[in-house]
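start.cif, holding mmCIF, C-alpha atoms:
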```
data_start
#
loop_
_atom_site.label_atom_id
_atom_site.label_comp_id
_atom_site.auth_asym_id
_atom_site.auth_seq_id
_atom_site.Cartn_x
_atom_site.Cartn_y
_atom_site.Cartn_z
CA MET A 1 28.66 212.51 53.14
CA LYS A 2 31.11 214.79 51.39
CA SER A 3 34.02 212.91 52.93
CA ASN A 4 32.68 209.59 51.64
CA LEU A 5 32.32 211.00 48.13
CA VAL A 6 35.93 212.21 48.11
CA THR A 7 37.12 208.84 49.38
CA PHE A 8 35.07 207.07 46.72
CA ALA A 9 36.46 209.28 43.98
CA LEU A 10 40.04 208.70 45.13
CA THR A 11 39.47 204.96 45.28
CA ALA A 12 38.00 204.92 41.80
CA LEU A 13 40.95 206.90 40.47
CA LEU A 14 43.38 204.52 42.13
CA GLY A 15 41.58 201.54 40.67
CA LEU A 16 41.64 203.01 37.17
CA THR A 17 45.37 203.72 37.48
CA VAL A 18 46.14 200.17 38.56
CA THR A 19 43.97 198.74 35.77
CA ALA A 20 45.59 200.96 33.16
CA THR A 21 49.07 199.96 34.34
CA LEU A 22 48.27 196.26 34.24
CA THR A 23 46.69 196.59 30.81
CA ALA A 24 49.69 198.44 29.42
CA SER A 25 52.12 195.88 30.80
CA CYS A 26 50.27 193.09 29.04
CA SER A 27 50.21 194.69 25.60
CA SER A 28 52.57 193.31 22.97
CA PRO A 29 53.58 194.10 19.40
CA ALA A 30 51.51 192.71 16.60
CA THR A 31 52.56 189.13 15.98
CA SER A 32 52.39 189.63 12.23
CA ALA A 33 54.77 192.61 12.22
CA ARG A 34 58.03 191.93 10.41
CA VAL A 35 61.08 193.93 9.43
CA ASP A 36 63.33 192.76 6.68
CA ALA A 37 66.82 192.79 8.14
CA LEU A 38 69.19 194.90 6.15
CA GLY A 39 72.69 195.30 7.49
CA PRO A 40 75.79 196.95 6.13
CA ALA A 41 77.95 194.90 3.78
CA ARG A 42 78.48 191.45 5.24
CA ALA A 43 81.76 190.96 3.39
CA GLN A 44 83.21 194.10 4.97
CA PHE A 45 82.33 192.87 8.45
CA ASP A 46 85.30 190.50 8.51
CA VAL A 47 87.61 193.42 9.26
CA VAL A 48 85.23 194.97 11.80
CA VAL A 49 84.95 191.93 14.07
CA PRO A 50 88.46 192.11 15.58
CA MET A 51 87.73 195.67 16.70
CA LEU A 52 84.44 194.63 18.29
CA VAL A 53 86.07 191.68 20.03
CA ARG A 54 88.90 193.84 21.31
CA ARG A 55 86.76 196.74 22.47
CA CYS A 56 83.54 195.00 23.48
CA GLY A 57 84.01 191.26 23.62
CA SER A 58 85.59 190.37 26.96
CA ILE A 59 83.79 187.54 28.72
CA ASP A 60 82.44 189.86 31.41
CA CYS A 61 80.89 192.13 28.78
CA HIS A 62 79.59 191.32 25.31
CA GLY A 63 81.60 188.12 25.07
CA SER A 64 78.74 186.42 26.81
CA ASN A 65 75.80 184.32 25.73
CA TYR A 66 73.65 186.31 28.11
CA ARG A 67 73.86 189.48 26.03
CA ASN A 68 71.72 190.42 23.08
CA MET A 69 74.76 191.81 21.36
CA ARG A 70 77.06 188.80 21.46
CA VAL A 71 80.58 189.14 20.20
CA TYR A 72 82.51 185.96 19.53
CA GLY A 73 86.21 185.48 19.06
CA TYR A 74 89.66 185.20 20.54
CA GLY A 75 89.89 186.94 23.90
CA GLY A 76 86.21 186.48 24.65
CA THR A 77 83.65 183.75 24.44
CA ARG A 78 83.90 181.34 21.53
CA LEU A 79 81.15 180.02 19.36
CA ARG A 80 80.55 176.42 20.24
CA ASP A 81 79.26 173.86 17.81
CA ALA A 82 76.87 171.78 19.87
CA GLY A 83 77.81 168.65 17.98
CA ALA A 84 81.55 169.13 18.17
CA PRO A 85 83.67 166.85 20.35
CA ALA A 86 85.16 168.38 23.49
CA SER A 87 88.63 168.14 22.00
CA SER A 88 87.74 170.59 19.26
CA VAL A 89 86.13 173.23 21.47
CA LEU A 90 87.63 176.66 20.94
CA ARG A 91 88.88 178.33 24.10
CA PRO A 92 88.82 182.05 24.87
CA ASP A 93 92.63 182.04 24.68
CA PHE A 94 93.14 179.52 21.87
CA PRO A 95 93.40 179.56 18.94
CA ALA A 96 94.26 183.21 18.33
CA ASN A 97 91.86 183.76 15.49
CA ILE A 98 88.22 184.44 14.77
CA THR A 99 86.46 181.77 12.77
CA ALA A 100 84.11 182.38 9.87
CA ASP A 101 81.21 181.05 11.95
CA GLU A 102 82.08 183.48 14.75
CA VAL A 103 82.12 186.37 12.31
CA GLU A 104 78.72 185.35 10.97
CA ALA A 105 77.21 184.93 14.43
CA THR A 106 78.52 188.31 15.53
CA TYR A 107 77.20 189.94 12.35
CA GLN A 108 73.73 188.54 12.97
CA ALA A 109 73.82 189.73 16.57
CA VAL A 110 74.88 193.26 15.65
CA VAL A 111 72.55 193.69 12.69
CA GLY A 112 69.62 192.20 14.60
CA LEU A 113 69.86 194.49 17.60
CA GLU A 114 67.68 197.23 16.13
CA PRO A 115 66.73 195.98 12.68
CA GLU A 116 64.41 198.86 11.86
CA ILE A 117 66.94 201.55 12.72
CA MET A 118 69.83 199.62 11.21
CA ARG A 119 67.89 199.41 7.96
CA GLU A 120 67.27 203.15 7.98
CA VAL A 121 70.92 203.96 8.65
CA VAL A 122 72.13 201.61 5.92
CA LEU A 123 69.64 202.95 3.38
CA ALA A 124 70.81 206.46 4.30
CA GLY A 125 74.37 205.52 3.43
CA GLY A 126 75.44 205.50 7.06
CA ALA A 127 73.99 208.91 7.86
CA GLY A 128 72.80 209.47 11.41
CA PRO A 129 74.62 206.52 12.97
CA GLU A 130 73.96 207.87 16.45
CA ARG A 131 70.42 206.63 16.00
CA LEU A 132 71.83 203.20 16.77
CA THR A 133 72.16 202.17 20.40
CA LEU A 134 75.31 200.33 19.35
CA VAL A 135 76.99 203.63 18.50
CA ARG A 136 75.62 205.61 21.45
CA LYS A 137 76.60 203.00 24.02
CA GLY A 138 80.04 202.44 22.57
CA ARG A 139 80.61 206.17 22.80
CA ASP A 140 79.15 206.23 26.32
CA GLU A 141 76.57 208.75 25.15
CA GLU A 142 73.90 206.49 26.60
CA ARG A 143 74.27 204.74 29.94
CA HIS A 144 76.71 201.91 29.37
CA LYS A 145 78.15 199.62 32.02
CA GLY A 146 81.33 199.33 29.97
CA HIS A 147 81.54 203.12 29.76
CA LEU A 148 83.56 204.67 26.92
CA ARG A 149 84.86 202.03 24.53
CA ILE A 150 84.76 203.96 21.30
CA THR A 151 85.86 207.58 21.28
CA PRO A 152 84.31 209.69 18.53
CA GLY A 153 86.88 210.07 15.79
CA ASP A 154 89.22 207.30 16.94
CA THR A 155 90.11 204.28 14.84
CA ALA A 156 87.33 202.14 16.29
CA ASP A 157 84.78 204.86 15.64
CA ARG A 158 85.96 205.31 12.06
CA CYS A 159 85.89 201.56 11.57
CA LEU A 160 82.31 201.25 12.79
CA LEU A 161 80.94 204.31 11.03
CA THR A 162 82.55 203.55 7.69
CA TRP A 163 81.21 200.02 7.85
CA LEU A 164 77.72 201.38 8.51
CA ALA A 165 78.24 203.43 5.35
CA SER A 166 79.33 200.26 3.51
CA SER A 167 82.74 201.71 2.73
CA VAL A 168 84.77 200.28 5.57
CA ASP A 169 88.11 201.86 6.53
CA VAL A 170 90.26 198.74 6.68
CA ALA A 171 93.30 200.49 8.12
CA ALA A 172 91.26 201.97 10.96
CA CYS A 173 89.67 198.61 11.70
CA ASN A 174 93.02 196.83 11.74
CA ALA A 175 94.49 199.44 14.07
CA ALA A 176 91.55 199.29 16.45
CA GLY A 177 91.32 195.52 16.28
CA CYS A 178 95.03 194.91 16.76
CA VAL A 179 95.41 193.12 13.47
CA GLY A 180 98.87 192.93 11.95
CA ASP A 181 100.32 191.23 8.93
CA GLY A 182 100.42 187.93 10.80
CA GLY A 183 96.89 188.12 12.18
CA LEU A 184 95.72 189.19 15.63
CA ILE A 185 98.30 190.86 17.83
CA GLU A 186 98.16 189.75 21.44
CA GLY A 187 97.97 192.06 24.47
CA GLU A 188 101.26 193.89 24.84
CA GLY A 189 101.86 194.04 21.12
CA CYS A 190 98.86 196.26 20.60
CA ALA A 191 98.67 199.83 21.72
CA GLN A 192 94.88 199.90 21.71
CA MET B 1 33.05 203.26 54.80
CA ILE B 2 33.42 200.40 52.33
CA PRO B 3 35.30 202.47 49.76
CA THR B 4 37.70 203.57 52.50
CA ARG B 5 38.44 199.96 53.36
CA VAL B 6 38.93 199.10 49.72
CA ALA B 7 41.35 201.99 49.35
CA THR B 8 43.26 200.84 52.41
CA VAL B 9 43.58 197.32 51.04
CA LEU B 10 44.69 198.60 47.65
CA LEU B 11 47.30 200.85 49.21
CA ALA B 12 48.56 197.98 51.32
CA MET B 13 48.87 195.81 48.20
CA LEU B 14 50.76 198.51 46.36
CA GLY B 15 53.06 198.94 49.33
CA ALA B 16 53.74 195.22 49.45
CA ALA B 17 54.44 195.14 45.72
CA GLY B 18 56.85 198.04 46.11
CA SER B 19 58.72 196.30 48.90
CA ALA B 20 58.95 193.05 46.96
CA SER B 21 60.40 194.84 43.95
CA CYS B 22 63.43 195.84 46.04
CA ILE B 23 64.52 192.21 46.44
CA ASP B 24 66.88 190.99 43.73
CA PRO B 25 66.14 187.29 43.33
CA ILE B 26 69.13 186.73 41.07
CA HIS B 27 71.52 188.12 43.65
CA THR B 28 69.84 186.10 46.36
CA ASP B 29 70.16 182.93 44.28
CA ASN B 30 73.80 183.66 43.49
CA VAL B 31 74.64 184.10 47.17
CA THR B 32 72.75 180.95 48.12
CA ALA B 33 74.51 178.94 45.42
CA LEU B 34 77.87 179.63 47.05
CA GLY B 35 76.88 177.48 50.02
CA GLY B 36 78.18 177.70 53.55
CA GLU B 37 81.65 178.26 54.89
CA ALA B 38 84.16 175.43 54.62
CA SER B 39 84.64 173.51 57.83
CA GLY B 40 87.18 175.08 60.12
CA VAL B 41 87.52 178.26 58.08
CA ARG B 42 86.37 181.51 59.60
CA GLU B 43 85.00 184.40 57.62
CA GLY B 44 87.86 186.64 56.59
CA PRO B 45 90.66 187.05 54.07
CA THR B 46 91.26 183.33 53.71
CA HIS B 47 87.72 182.13 53.27
CA ARG B 48 86.09 180.85 50.09
CA PRO B 49 89.12 180.79 47.75
CA GLY B 50 88.14 180.46 44.12
CA GLN B 51 84.62 181.75 44.60
CA PRO B 52 83.31 184.91 42.91
CA CYS B 53 84.17 187.34 45.71
CA LEU B 54 82.02 190.24 44.57
CA THR B 55 78.87 188.18 44.67
CA CYS B 56 78.82 188.96 48.39
CA HIS B 57 81.42 191.74 48.51
CA GLY B 58 80.06 193.71 45.57
CA GLY B 59 77.98 196.20 47.43
CA SER B 60 74.71 194.31 47.56
CA GLY B 61 75.76 192.22 50.55
CA PRO B 62 75.82 190.20 52.62
CA GLY B 63 79.61 190.43 52.80
CA SER B 64 81.60 193.43 53.84
CA PRO B 65 83.73 195.28 53.04
CA GLU B 66 82.86 195.93 49.42
CA PHE B 67 85.64 195.06 46.97
CA SER B 68 86.28 196.53 43.55
CA VAL B 69 88.60 193.73 42.44
CA ALA B 70 89.10 190.36 44.07
CA GLY B 71 90.10 186.84 43.15
CA THR B 72 92.27 183.82 43.79
CA VAL B 73 95.42 182.79 41.99
CA TYR B 74 96.64 179.22 41.47
CA ALA B 75 100.03 177.86 40.50
CA VAL B 76 99.18 176.11 37.25
CA ARG B 77 96.34 176.07 34.79
CA GLY B 78 93.59 173.79 36.01
CA GLY B 79 95.42 173.02 39.26
CA ALA B 80 94.21 173.38 42.83
CA GLN B 81 97.46 174.60 44.40
CA ALA B 82 97.06 178.23 45.39
CA VAL B 83 100.03 180.57 45.37
CA GLU B 84 100.95 182.99 48.11
CA GLY B 85 102.91 186.10 47.34
CA VAL B 86 101.84 186.69 43.76
CA SER B 87 101.77 190.37 42.90
CA VAL B 88 98.64 191.20 40.95
CA VAL B 89 99.34 194.46 39.15
CA LEU B 90 96.21 196.25 37.99
CA THR B 91 96.31 199.22 35.64
CA ASP B 92 93.04 200.93 34.93
CA ALA B 93 91.92 203.04 32.00
CA ASN B 94 93.28 206.18 33.66
CA LYS B 95 96.72 204.52 33.95
CA GLU B 96 96.36 204.30 37.71
CA THR B 97 98.07 201.23 39.12
CA ARG B 98 97.51 199.15 42.23
CA THR B 99 99.42 196.06 43.26
CA LEU B 100 97.65 193.41 45.31
CA VAL B 101 99.46 190.46 46.86
CA SER B 102 97.88 187.04 47.20
CA ASN B 103 97.66 185.57 50.69
CA GLU B 104 98.21 182.01 51.91
CA VAL B 105 95.14 180.67 50.12
CA GLY B 106 95.77 182.68 46.97
CA ASN B 107 93.18 185.33 47.69
CA PHE B 108 93.76 188.96 46.75
CA TYR B 109 91.42 191.90 46.94
CA ILE B 110 91.10 195.64 47.22
CA GLU B 111 88.29 197.53 48.89
CA ALA B 112 86.10 199.73 46.72
CA SER B 113 86.61 202.55 49.19
CA ARG B 114 90.33 202.48 48.44
CA TRP B 115 90.11 202.21 44.66
CA ALA B 116 87.35 202.39 42.10
CA PRO B 117 89.20 201.54 38.88
CA ALA B 118 88.04 202.77 35.50
CA THR B 119 87.66 200.03 32.92
CA PRO B 120 89.07 198.55 30.80
CA MET B 121 91.76 197.30 33.14
CA ARG B 122 95.02 195.51 32.42
CA VAL B 123 96.17 192.68 34.68
CA GLU B 124 99.68 191.35 35.17
CA LEU B 125 100.78 188.62 37.57
CA GLN B 126 104.33 188.71 38.91
CA TYR B 127 105.92 185.89 40.88
CA GLY B 128 109.43 184.54 41.29
CA GLY B 129 110.86 186.85 38.69
CA LYS B 130 108.26 185.87 36.10
CA ALA B 131 105.48 188.02 34.73
CA LYS B 132 102.27 186.93 33.07
CA VAL B 133 99.94 189.39 31.38
CA MET B 134 96.27 188.61 30.95
CA LYS B 135 95.61 188.45 27.22
CA SER B 136 92.36 190.37 27.35
CA LEU B 137 91.34 193.35 29.43
CA ILE B 138 88.80 193.38 32.23
CA GLY B 139 85.81 195.05 30.72
CA GLY B 140 83.70 195.85 33.73
CA ASN B 141 83.58 193.09 36.33
CA GLY B 142 86.17 192.97 39.11
CA THR B 143 85.24 189.45 40.14
CA CYS B 144 87.99 187.33 38.63
CA ALA B 145 85.91 184.18 39.08
CA PHE B 146 83.17 185.70 36.96
CA CYS B 147 85.19 184.59 33.93
CA HIS B 148 87.76 182.31 35.62
CA TYR B 149 86.00 179.28 37.02
CA GLY B 150 85.35 175.60 36.57
CA ALA B 151 86.88 173.24 34.09
CA ASP B 152 89.36 174.07 31.38
CA ASN B 153 88.69 173.71 27.67
CA GLU B 154 85.37 175.50 27.73
CA ALA B 155 84.26 177.97 25.09
CA THR B 156 82.61 180.47 27.37
CA HIS B 157 84.99 180.88 30.29
CA MET B 158 88.57 180.48 31.43
CA PRO B 159 89.80 178.17 34.19
CA PRO B 160 90.64 179.77 37.57
CA VAL B 161 93.40 182.38 37.49
CA PHE B 162 96.75 180.67 37.05
CA MET B 163 100.39 181.69 37.14
CA SER B 164 101.72 179.25 34.56
CA ASP B 165 100.34 176.93 31.92
CA GLN B 166 102.06 173.84 33.30
#
```

Please re-express this file's structure in C-alpha cells.
Amino acid sequence: MKSNLVTFALTALLGLTVTATLTASCSSPATSARVDALGPARAQFDVVVPMLVRRCGSIDCHGSNYRNMRVYGYGGTRLRDAGAPASSVLRPDFPANITADEVEATYQAVVGLEPEIMREVVLAGGAGPERLTLVRKGRDEERHKGHLRITPGDTADRCLLTWLASSVDVAACNAAGCVGDGGLIEGEGCAQ
Amino acid sequence: MIPTRVATVLLAMLGAAGSASCIDPIHTDNVTALGGEASGVREGPTHRPGQPCLTCHGGSGPGSPEFSVAGTVYAVRGGAQAVEGVSVVLTDANKETRTLVSNEVGNFYIEASRWAPATPMRVELQYGGKAKVMKSLIGGNGTCAFCHYGADNEATHMPPVFMSDQ
C-alpha cells in the first residue's frame, strides 16, 4: 500500500513537470508589445560599416543571410535587389565598395538585434555598452563562434563604442575598416 | 499497479525524446544532399572534389578523419579544370602557418588532429611562381566550399576556389 502511494506521488510529480515544461515552451510574448527602435546616429554609421564588414562580415560568418546580424559589403555577402538583372548583381569581390543600400540594411540589422537594450544604451549616451550582445560577442566575452574579433581598446572597439555614444571616432573606424584616401584597402594593404 | 505502468510509459517516452534530440537533422540532410560516390572513384583523398569536405569530415561524421581545413582548387574562375601542385598557405590568427598541396583532383586538406587553426585565417595560393591572396579572411569555417561553390556572379557566395581569373 505504502509502495503504491509513493509510486503514485512520483508519477504525479513527473506528470506535473512534463505539463509545466510543455506549457512554458508554448508561451510567447504579448503580440501587442512594441519597442520603438532607437539606434545611434545613422549618419555616423557610414564609417562604421567597413569595420564591421572587415571584422565580422565574411561569408562564413555574419556575411550571411542566415544570420540575424547580417553585414553586407565588399568581402562578404552583397545585398541583392530582387528585381535587378543578373548582370548588375554585386559580387563578394566586386565592386570594392559598400553601397548606400548595404549600409542601410546593415544598420537595420545591427540596431534591430536588441532594440530595447540598444535604446537604453543610446539614451545613456553610450554608457554600459557591454549590455549589448554585439559588444560582448565581438570581444569574445560571451560564447562566440568567431571568437575574438574586437579587442577592448583597439581601433574597432573605439569605433563601435564611440558610435554607440553618437560621437564616432572616424580615424579609429577607418583604421579598423581598412579605409584609405582612395576607399577600401584590399587584403595585403591593410594591417588589420 | 496502474500508476507504475503509467510512470514506466512516461519514462520510456522521455527517454525516446532524449535520444531523438541527439540527431541533427540539418547535418543528416546536408550529408544526404551530397549524394553517392562518383562512379569508379573510391573513398579517399581524390573523392568528391569541389564538395564541402567538412560536411562529412567535420567531426560529426560519417567521414573520417576529421579535417580542420579542406577544399579543392581549380585553374580558372568558373572552370572545371582542377590543379595539382598548388600550395595553399594558411596563416592563422596566431601567425602559425601550414602549407597544403593540392593533389591530382585539386583536393587539399589537413587533419584537425594535426592543426586546429585560430581564426581569422589568411589564405594564399602559390603555383608556377604566381601567388594569389584571398581578399577576405576565413572567419570560422574551414570548408572552402562553404563559401566557394556553384555559379559565378552571385551576391551571396564565390565560385569554387580558383588560381586565376582567366

Give me, as a tab-separated table, the closest atom pair and its distance (Å, one decimal) for every residue of chain B within a cut-off of 8 Å of chain A, counting only C-alpha atoms, rows sorted by chain and rising number.
```
residue	atom	partner	partner_atom	distance
B:Met1	CA	A:Asn4	CA	7.1
B:Pro3	CA	A:Phe8	CA	5.5
B:Thr4	CA	A:Thr7	CA	6.2
B:Val6	CA	A:Thr11	CA	7.4
B:Ala7	CA	A:Thr11	CA	5.4
B:Thr119	CA	A:Gly146	CA	7.0
B:Pro120	CA	A:Gly146	CA	7.8
B:Val133	CA	A:Gly187	CA	7.7
B:Met134	CA	A:Gly187	CA	7.5
B:Lys135	CA	A:Gly187	CA	5.1
B:Ser136	CA	A:Gly75	CA	5.5
B:Leu137	CA	A:Ser58	CA	6.9
B:Ile138	CA	A:Ser58	CA	6.9
B:Gly139	CA	A:Ser58	CA	6.0
B:Gly140	CA	A:Gly146	CA	5.6
B:Asn141	CA	A:Asp60	CA	6.0
B:Phe146	CA	A:Asp60	CA	7.0
B:Cys147	CA	A:Ile59	CA	6.1
B:Asn153	CA	A:Arg91	CA	5.8
B:Glu154	CA	A:Arg91	CA	5.8
B:Ala155	CA	A:Arg91	CA	4.7
B:Thr156	CA	A:Thr77	CA	4.5
B:His157	CA	A:Thr77	CA	6.7
B:Met158	CA	A:Pro92	CA	6.7
```

Fill in: Within 7 Å of Arg119 (chain A) using all atoms listed in the file, minus same-chain residues under 2 positions, as a list in words
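My list of contacting residues is Ala37, Leu38, Gly39, Pro115, Glu116, Ile117, Val121, Val122 and Leu123 of chain A.
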
Item to complete: In Å, rounded to a single decimal, give me how far CA of Asp46 (chain A) is from CA of Gly83 (chain A).
Response: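 Computing it gives 25.0 Å between the two atoms.
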
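The spacing separating CA of Ala38 (chain B) from CA of Ser102 (chain B) amounts to 19.4 Å.
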
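CA of Lys130 (chain B) is positioned 14.5 Å from CA of Val73 (chain B).
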